[in-house]
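Trainee: My structure is stored as final_30.txt, with compact mmCIF, C-alpha atoms.
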```txt
# COMPACT_ATOMS: atom_id res chain seq x y z
CA MET M 1237 0.00 0.00 0.00
CA GLN M 1238 1.21 3.50 -0.82
CA ILE M 1239 -0.13 6.84 0.34
CA PRO M 1240 -1.58 9.07 -2.42
CA SER M 1241 1.17 10.46 -4.64
CA LEU M 1242 0.03 14.08 -4.17
CA LEU M 1243 0.11 13.79 -0.38
CA TYR M 1244 3.51 12.14 -0.53
CA LEU M 1245 4.86 14.86 -2.84
CA VAL M 1246 3.47 17.64 -0.63
CA SER M 1247 5.07 16.07 2.46
CA LYS M 1248 8.45 15.88 0.74
CA ILE M 1249 8.29 19.49 -0.49
CA PHE M 1250 7.16 20.70 2.93
CA TRP M 1251 10.07 18.99 4.65
CA ARG M 1252 12.59 20.25 2.09
CA ILE M 1253 11.48 23.79 2.90
CA ILE M 1254 11.34 23.63 6.69
CA GLN M 1255 14.27 21.36 7.54
CA PRO M 1256 16.74 23.63 9.36
CA GLY M 1257 19.62 23.53 6.85
CA ASP M 1258 17.49 24.38 3.82
CA LEU M 1259 15.37 26.87 5.75
CA LEU M 1260 18.46 28.83 6.80
CA ILE M 1261 19.67 29.00 3.19
CA LEU M 1262 16.23 30.12 1.99
CA LEU M 1263 16.05 32.82 4.66
CA LEU M 1264 19.51 34.14 3.80
CA GLY M 1265 18.68 34.16 0.09
CA LEU M 1266 15.39 35.93 0.71
CA GLY M 1267 17.12 38.49 2.91
CA PHE M 1268 19.74 39.35 0.29
CA VAL M 1269 17.10 39.65 -2.44
CA LEU M 1270 15.05 42.01 -0.29
CA LEU M 1271 18.11 44.20 0.27
CA PHE M 1272 17.84 45.32 -3.37
CA THR M 1273 14.15 46.17 -3.17
CA ARG M 1274 12.07 48.78 -1.41
CA ARG M 1275 11.75 46.34 1.47
CA ASN M 1276 15.46 46.46 2.28
CA ARG M 1277 14.74 46.92 5.99
CA LEU M 1278 12.81 43.66 5.94
CA GLY M 1279 15.79 42.09 4.19
CA ILE M 1280 18.11 43.24 6.99
CA ALA M 1281 15.70 41.77 9.55
CA VAL M 1282 15.53 38.44 7.71
CA ILE M 1283 19.33 38.24 7.49
CA ALA M 1284 19.62 39.12 11.17
CA LEU M 1285 17.12 36.35 11.98
CA SER M 1286 19.15 33.89 9.91
CA VAL M 1287 22.37 34.82 11.73
CA LEU M 1288 20.59 34.48 15.08
CA LEU M 1289 19.31 31.02 14.15
CA VAL M 1290 22.72 29.88 12.93
CA SER M 1291 24.36 31.15 16.12
CA SER M 1292 21.73 29.48 18.30
CA ILE M 1293 22.13 26.12 16.55
CA ALA M 1294 25.92 26.38 16.72
CA VAL M 1295 26.07 27.24 20.43
CA LEU M 1296 22.93 25.75 21.99
CA PRO M 1297 22.26 21.98 22.00
CA ILE M 1298 18.76 22.47 20.55
CA GLY M 1299 18.85 19.16 18.71
CA HIS M 1300 20.02 17.40 21.87
CA TRP M 1301 17.14 18.88 23.85
CA LEU M 1302 14.64 17.75 21.21
CA LEU M 1303 16.13 14.25 21.00
CA VAL M 1304 16.18 13.53 24.74
CA PRO M 1305 12.41 13.01 25.20
CA LEU M 1306 12.25 10.97 21.99
CA GLU M 1307 15.06 8.61 22.95
CA ARG M 1308 13.95 8.22 26.56
CA ARG M 1309 10.30 7.59 25.74
CA PHE M 1310 10.83 3.85 25.37
CA PRO M 1311 13.42 2.29 27.71
CA TYR M 1312 16.18 0.09 26.38
CA VAL M 1313 15.36 -3.60 26.58
CA THR M 1314 16.94 -5.53 29.44
CA ASP M 1315 14.69 -8.58 29.46
CA MET M 1316 13.07 -10.06 26.35
CA PRO M 1317 10.12 -12.49 26.42
CA ALA M 1318 10.93 -16.20 26.30
CA ARG M 1319 8.87 -16.44 23.11
CA VAL M 1320 9.07 -14.04 20.19
CA ASP M 1321 7.03 -14.84 17.09
CA GLY M 1322 8.50 -12.21 14.82
CA VAL M 1323 11.17 -9.51 14.52
CA ILE M 1324 10.80 -6.49 12.27
CA MET M 1325 13.46 -3.92 11.43
CA LEU M 1326 12.62 -0.63 9.77
CA GLY M 1327 14.85 0.80 7.05
CA GLY M 1328 15.31 4.44 6.16
CA GLY M 1329 17.91 7.16 6.72
CA GLY M 1330 21.43 5.90 7.07
CA GLY M 1331 20.83 2.28 6.19
CA PRO M 1332 23.31 0.04 4.38
CA ARG M 1333 24.64 1.57 1.17
CA PRO M 1334 26.93 -0.89 -0.55
CA ALA M 1335 27.19 -0.94 -4.32
CA PRO M 1336 25.50 -3.92 -6.00
CA GLY M 1337 27.79 -6.94 -6.15
CA ARG M 1338 30.12 -5.79 -3.37
CA HIS M 1339 31.19 -8.80 -1.32
CA HIS M 1340 31.36 -7.02 2.01
CA PRO M 1341 28.50 -4.51 2.20
CA GLY M 1342 28.86 -1.84 4.83
CA VAL M 1343 26.19 -0.96 7.36
CA GLU M 1344 27.66 2.36 8.47
CA GLY M 1345 25.15 4.62 10.19
CA ARG M 1346 22.84 1.77 11.20
CA ALA M 1347 25.33 -0.93 12.21
CA GLN M 1348 23.79 -1.47 15.63
CA ASP M 1349 20.36 -2.08 14.11
CA PHE M 1350 21.73 -4.91 11.98
CA VAL M 1351 23.73 -6.39 14.84
CA VAL M 1352 20.64 -6.47 17.08
CA PHE M 1353 18.41 -7.80 14.29
CA ALA M 1354 20.91 -10.57 13.57
CA ASP M 1355 21.22 -11.37 17.29
CA LEU M 1356 17.45 -11.66 17.71
CA ALA M 1357 17.26 -13.84 14.59
CA ARG M 1358 19.71 -16.25 16.21
CA ARG M 1359 18.08 -16.13 19.65
CA TYR M 1360 14.64 -16.90 18.21
CA PRO M 1361 15.24 -19.37 15.37
CA GLY M 1362 11.53 -19.94 14.88
CA ALA M 1363 10.60 -16.27 14.62
CA LYS M 1364 9.43 -14.66 11.40
CA LEU M 1365 11.82 -11.95 10.22
CA VAL M 1366 10.87 -8.85 8.25
CA PHE M 1367 13.03 -6.01 6.92
CA ALA M 1368 10.87 -3.08 5.77
CA GLY M 1369 12.57 -0.45 3.63
CA GLY M 1370 12.34 0.17 -0.08
CA GLY M 1371 14.18 3.39 -0.86
CA PRO M 1372 16.15 3.11 -4.14
CA LEU M 1373 19.94 3.16 -3.77
CA SER M 1374 20.72 3.21 -7.50
CA GLN M 1375 19.74 5.75 -10.14
CA ASP M 1376 17.51 3.32 -12.02
CA GLY M 1377 15.83 2.21 -8.80
CA ALA M 1378 16.62 -1.46 -9.41
CA PHE M 1379 18.87 -1.75 -6.34
CA ARG M 1380 17.00 -0.81 -3.19
CA GLU M 1381 17.60 -0.55 0.52
CA ALA M 1382 16.10 -4.00 1.08
CA ASP M 1383 18.57 -5.45 -1.43
CA ALA M 1384 21.48 -3.84 0.42
CA ALA M 1385 20.06 -5.18 3.69
CA ARG M 1386 19.98 -8.69 2.22
CA GLU M 1387 23.69 -8.41 1.34
CA ALA M 1388 24.54 -7.02 4.77
CA LEU M 1389 22.70 -9.78 6.62
CA ASN M 1390 24.25 -12.42 4.38
CA SER M 1391 27.69 -11.09 5.31
CA MET M 1392 26.73 -11.47 8.99
CA GLY M 1393 25.90 -15.13 8.54
CA ILE M 1394 22.10 -14.80 8.65
CA ASP M 1395 20.08 -17.18 6.47
CA THR M 1396 18.20 -14.57 4.45
CA SER M 1397 15.71 -17.16 3.22
CA ARG M 1398 14.12 -16.64 6.65
CA VAL M 1399 13.77 -12.90 6.07
CA THR M 1400 10.92 -11.25 4.20
CA PHE M 1401 12.26 -8.12 2.50
CA GLU M 1402 9.78 -5.31 1.84
CA ARG M 1403 11.23 -3.12 -0.92
CA GLU M 1404 8.41 -0.88 -2.19
CA SER M 1405 7.72 1.57 0.66
CA ARG M 1406 8.78 5.22 0.55
CA ASN M 1407 8.30 6.27 4.18
CA THR M 1408 7.67 4.85 7.65
CA PHE M 1409 3.89 4.66 7.24
CA GLU M 1410 4.29 2.54 4.12
CA ASN M 1411 6.97 0.48 5.91
CA VAL M 1412 4.42 -0.48 8.54
CA VAL M 1413 1.45 -1.08 6.25
CA ASN M 1414 3.43 -3.15 3.75
CA ALA M 1415 5.24 -5.09 6.46
CA ARG M 1416 1.91 -6.02 8.02
CA ALA M 1417 0.68 -7.34 4.69
CA LEU M 1418 3.84 -9.45 4.32
CA GLY M 1419 4.34 -10.55 7.93
CA HIS M 1420 0.69 -11.51 8.60
CA PRO M 1421 0.90 -10.93 12.38
CA ALA M 1422 -1.77 -12.99 14.12
CA PRO M 1423 -3.61 -11.95 17.30
CA GLY M 1424 -1.57 -12.85 20.34
CA GLU M 1425 1.74 -13.03 18.50
CA ILE M 1426 4.74 -11.24 20.01
CA TRP M 1427 6.71 -9.11 17.56
CA ALA M 1428 9.86 -7.17 18.40
CA LEU M 1429 10.49 -3.87 16.61
CA VAL M 1430 14.09 -2.84 15.99
CA THR M 1431 14.64 0.81 15.06
CA PRO M 1432 16.71 3.78 16.35
CA ALA M 1433 15.61 5.12 19.72
CA PHE M 1434 14.70 8.57 18.36
CA HIS M 1435 12.47 6.93 15.73
CA MET M 1436 10.70 4.55 18.11
CA PRO M 1437 7.81 6.80 19.32
CA ARG M 1438 6.70 7.70 15.78
CA SER M 1439 7.08 4.09 14.63
CA VAL M 1440 5.15 2.60 17.55
CA GLY M 1441 2.33 5.06 16.93
CA LEU M 1442 2.06 3.88 13.32
CA PHE M 1443 2.12 0.20 14.32
CA ARG M 1444 -0.63 0.77 16.87
CA GLY M 1445 -2.58 2.70 14.27
CA GLN M 1446 -2.58 -0.49 12.18
CA GLY M 1447 -3.69 -2.57 15.17
CA TRP M 1448 -0.26 -4.18 15.44
CA GLU M 1449 1.16 -4.19 18.96
CA VAL M 1450 4.96 -4.61 19.07
CA VAL M 1451 7.67 -4.93 21.69
CA PRO M 1452 9.89 -1.85 21.20
CA TYR M 1453 13.61 -2.65 20.97
CA PRO M 1454 15.26 0.77 20.58
CA VAL M 1455 18.89 0.93 19.46
CA ASP M 1456 21.51 3.43 18.35
CA SER M 1457 21.12 6.37 20.75
CA GLN M 1458 22.25 9.75 19.45
CA ILE M 1459 22.26 11.57 22.78
CA ASP M 1460 25.08 11.39 25.29
CA ALA M 1461 24.99 8.76 27.99
CA ALA M 1462 24.72 11.35 30.76
CA PRO M 1463 22.53 14.47 30.54
CA GLY M 1464 24.46 17.49 29.33
CA ASP M 1465 27.73 15.68 28.54
CA ASP M 1466 29.47 17.77 25.89
CA ALA M 1467 26.06 19.24 25.05
CA PHE M 1468 27.20 22.86 24.95
CA THR M 1469 30.22 22.32 22.71
CA VAL M 1470 30.15 24.63 19.69
CA HIS M 1471 29.59 22.12 16.90
CA PHE M 1472 27.33 23.55 14.22
CA ALA M 1473 27.23 20.52 11.90
CA ARG M 1474 26.38 18.06 14.68
CA ASN M 1475 23.81 20.35 16.29
CA LEU M 1476 22.18 21.07 12.93
CA ASP M 1477 22.01 17.36 12.09
CA GLN M 1478 20.46 16.48 15.47
CA THR M 1479 17.96 19.33 15.15
CA SER M 1480 16.90 18.10 11.70
CA VAL M 1481 16.54 14.51 12.89
CA ALA M 1482 14.47 15.48 15.93
CA LEU M 1483 12.23 17.97 14.12
CA LYS M 1484 11.37 15.37 11.48
CA GLU M 1485 10.19 13.00 14.22
CA TRP M 1486 8.13 15.60 16.10
CA ILE M 1487 6.52 16.93 12.92
CA GLY M 1488 5.95 13.38 11.70
CA MET M 1489 4.10 12.40 14.89
CA LEU M 1490 1.92 15.49 14.62
CA ALA M 1491 1.11 14.78 10.96
CA ASN M 1492 0.41 11.09 11.62
CA ARG M 1493 -2.08 12.01 14.34
CA TRP M 1494 -3.84 14.55 12.12
CA LEU M 1495 -4.01 12.08 9.22
CA GLY M 1496 -5.39 9.34 11.45
CA HIS M 1497 -2.35 7.10 11.00
CA SER M 1498 -1.65 7.18 14.76
CA LYS M 1499 -3.91 7.36 17.79
CA SER M 1500 -1.52 9.49 19.84
CA TYR M 1501 0.54 12.64 19.38
CA PHE M 1502 3.40 11.17 21.44
CA PRO M 1503 3.05 7.39 21.87
CA ALA M 1504 4.18 5.99 25.19
CA PRO M 1505 4.92 2.53 26.60
CA ARG M 1506 1.89 0.45 27.52
```
Would you kindly transcribe this structure into structure tokens?

Mentor:
Amino acid sequence: MQIPSLLYLVSKIFWRIIQPGDLLILLLGLGFVLLFTRRNRLGIAVIALSVLLVSSIAVLPIGHWLLVPLERRFPYVTDMPARVDGVIMLGGGGGPRPAPGRHHPGVEGRAQDFVVFADLARRYPGAKLVFAGGGPLSQDGAFREADAAREALNSMGIDTSRVTFERESRNTFENVVNARALGHPAPGEIWALVTPAFHMPRSVGLFRGQGWEVVPYPVDSQIDAAPGDDAFTVHFARNLDQTSVALKEWIGMLANRWLGHSKSYFPAPR
């Protein structure tokens, strides 16, 4: 299942405009254009706003502050059930990106996800396994994220004939809907969900919206182990990246609730 193309296109355009990096560039460009018009004072104000935002992101750990409640919403797993009927891992952002045919595909950016997924596959040999992620990794779209995941799991010694690879989805909502159609979760089954900690609240909300209750298994924390550690270091690139990641999750949860894809603005543990 895919969401309507127009809605998908609008969501992509909206995010391209408001994500912090692009928004700062747009504001600076607008400010400089206005300098050469009758609204030059407005141009000065827009440029001043842009400089203020850049300085704030560079100095203040805004992204860190936004990530903390996301990553701490679902606690890290210390005790798994004796029986697990299925394990699902979500693709997207930073997944494996080896070139087709490479013998040792890398999993940089999401290595912990694959390690945990592989570990759960070994611990529960009878569990159904699903990897949901279909973003194209080649220009012609023939080689997709699910194909790269297959190579990565093969290199880790996992029998990929056990894994159902979903390769058509374009976003998290489609990940969940398509994975449900492929995994056929039955009432009473226990499914573990492996995805980054910051992404877990939005993902759980979408699973619950489809009537699919999962055991959250968050991985790959982006925040420091202790509150405030190194948080106020001037590091524009890192702070900008964390702000973008966090804003996408918060805006996504809001949009999912408005669209009826989730039953909660900020899903919490049961």

Trainee: Set out as JSON lines a contact list for segment 1405-1500 of chain M and segment 1274-1293 of chain M with a cut-off of 8 Å, giving each residue of segment 1405-1500 of chain M that qualifies its closest atom pair and distance in Å to one decimal, counting only C-alpha atoms, ordered by chain and rising residue number.

Mentor:
```
{"residue": "M:Phe1472", "atom": "CA", "partner": "M:Ile1293", "partner_atom": "CA", "distance": 6.3}
{"residue": "M:Asn1475", "atom": "CA", "partner": "M:Ile1293", "partner_atom": "CA", "distance": 6.0}
{"residue": "M:Leu1476", "atom": "CA", "partner": "M:Ile1293", "partner_atom": "CA", "distance": 6.2}
```

Trainee: Of the residues M:Met1325, M:Ile1261, M:Ala1294, M:Val1269, which is the one nearest to Phe1350 of chain M, using all atoms listed in the file?

Mentor: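 Looking only at the distances to Phe1350 of chain M, the closest residue turns out to be M:Met1325.
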
Trainee: Give the answer as one residue: which of M:Leu1365, M:Leu1326, M:Ile1249, M:Leu1356 has the shortest atom-to-atom distance to Glu1381 of chain M, using only C-alpha atoms?

Mentor: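 So, comparing all the options, the nearest one is M:Leu1326.
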
Trainee: Which residues, written as an MDAnalysis selection string, have at least one atom at most 8 Å from segment 1394-1400 of chain M, with all atoms listed in the file counted and residues fewer than 4 positions away on the same chain left out?

Mentor: chainID M and resid 1354 1357 1364:1367 1386 1389:1390 1418:1419

Trainee: Please provide the set of residues having any atom within 9 Å of Met1489 of chain M, restricted to only C-alpha atoms, with same-chain residues fewer than 3 positions apart removed, written as a list in words.

Mentor: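 Selected residues are Pro1437, Arg1438, Ser1439, Gly1441, Leu1442, Lys1484, Glu1485, Trp1486, Asn1492, Arg1493, Trp1494, Ser1498, Ser1500, Tyr1501, Phe1502 and Pro1503 of chain M.
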
Trainee: Residues proximal to (13.7, 4.1, 30.2) were defined as those with any atom within 12 Å of that point in the file's coordinates, counting all atoms listed in the file. Which are they, as a ChimeraX atom specification?

Mentor: /M:1304-1314,1433,1452-1454,1504-1505

Trainee: For a test of reading the model, state the distance in Å between atom CA of Thr1479 of chain M and atom CA of Glu1449 of chain M, rounded to one decimal.

Mentor: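 Taking atom CA of Thr1479 of chain M and atom CA of Glu1449 of chain M, their separation equals 29.2 Å.
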
Trainee: As an exercise, work out the distance from atom CA of Asp1383 of chain M to atom CA of Arg1406 of chain M in Å and give it to one decimal place.

Mentor: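 These atoms are spaced 14.6 Å apart.
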
Trainee: Between M:Phe1250, M:Arg1358, M:Leu1483, M:Gly1488, which residue has the minimum interatomic distance to His1300 of chain M, considering all atoms listed in the file?

Mentor: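 With all atoms listed in the file as the atom set, the closest residue is M:Leu1483.
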
Trainee: What is the distance between atom CA of Val1455 of chain M and atom CA of Arg1346 of chain M, in Å to one decimal?

Mentor: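 Atom CA of Arg1346 of chain M lies at a distance of 9.2 Å from atom CA of Val1455 of chain M.
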
Trainee: Set up a box along x, y and z of the file covering all listed atoms of segment 1349-1363 of chain M, add 4 Å on every one of the six sides, and write the centre and edge lengths in Å to one decimal, as JSON.

Mentor:
```
{"center_x": 17.2, "center_y": -11.0, "center_z": 15.8, "size_x": 21.1, "size_y": 25.9, "size_z": 15.7}
```

Trainee: Excluding Arg1403 of chain M and residues on its chain fewer than 3 positions from it, collect all residues at most 8 Å away from it, counting all atoms listed in the file, and give them as a PyMOL selection string.

Mentor: chain M and resi 1368-1371+1380-1383

Trainee: Taking into account only C-alpha atoms, which residue in the set M:Asp1355, M:Tyr1360, M:Gly1257, M:Leu1495 is nearest to Gly1393 of chain M?

Mentor: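 Ranking M:Asp1355, M:Tyr1360, M:Gly1257, M:Leu1495 by distance to Gly1393 of chain M, first place goes to M:Asp1355.
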
Trainee: Hey, which of M:Asp1258, M:Asp1321, M:Asp1315, M:Glu1402 ends up closest to Ala1428 of chain M? Count all atoms listed in the file.

Mentor: M:Asp1321

Trainee: Pick from M:Asn1411, M:Leu1490, M:Ile1324, M:Gln1478: nearest to Leu1429 of chain M, with only C-alpha atoms counted?

Mentor: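 That would be M:Ile1324, the residue with the smallest distance to Leu1429 of chain M.
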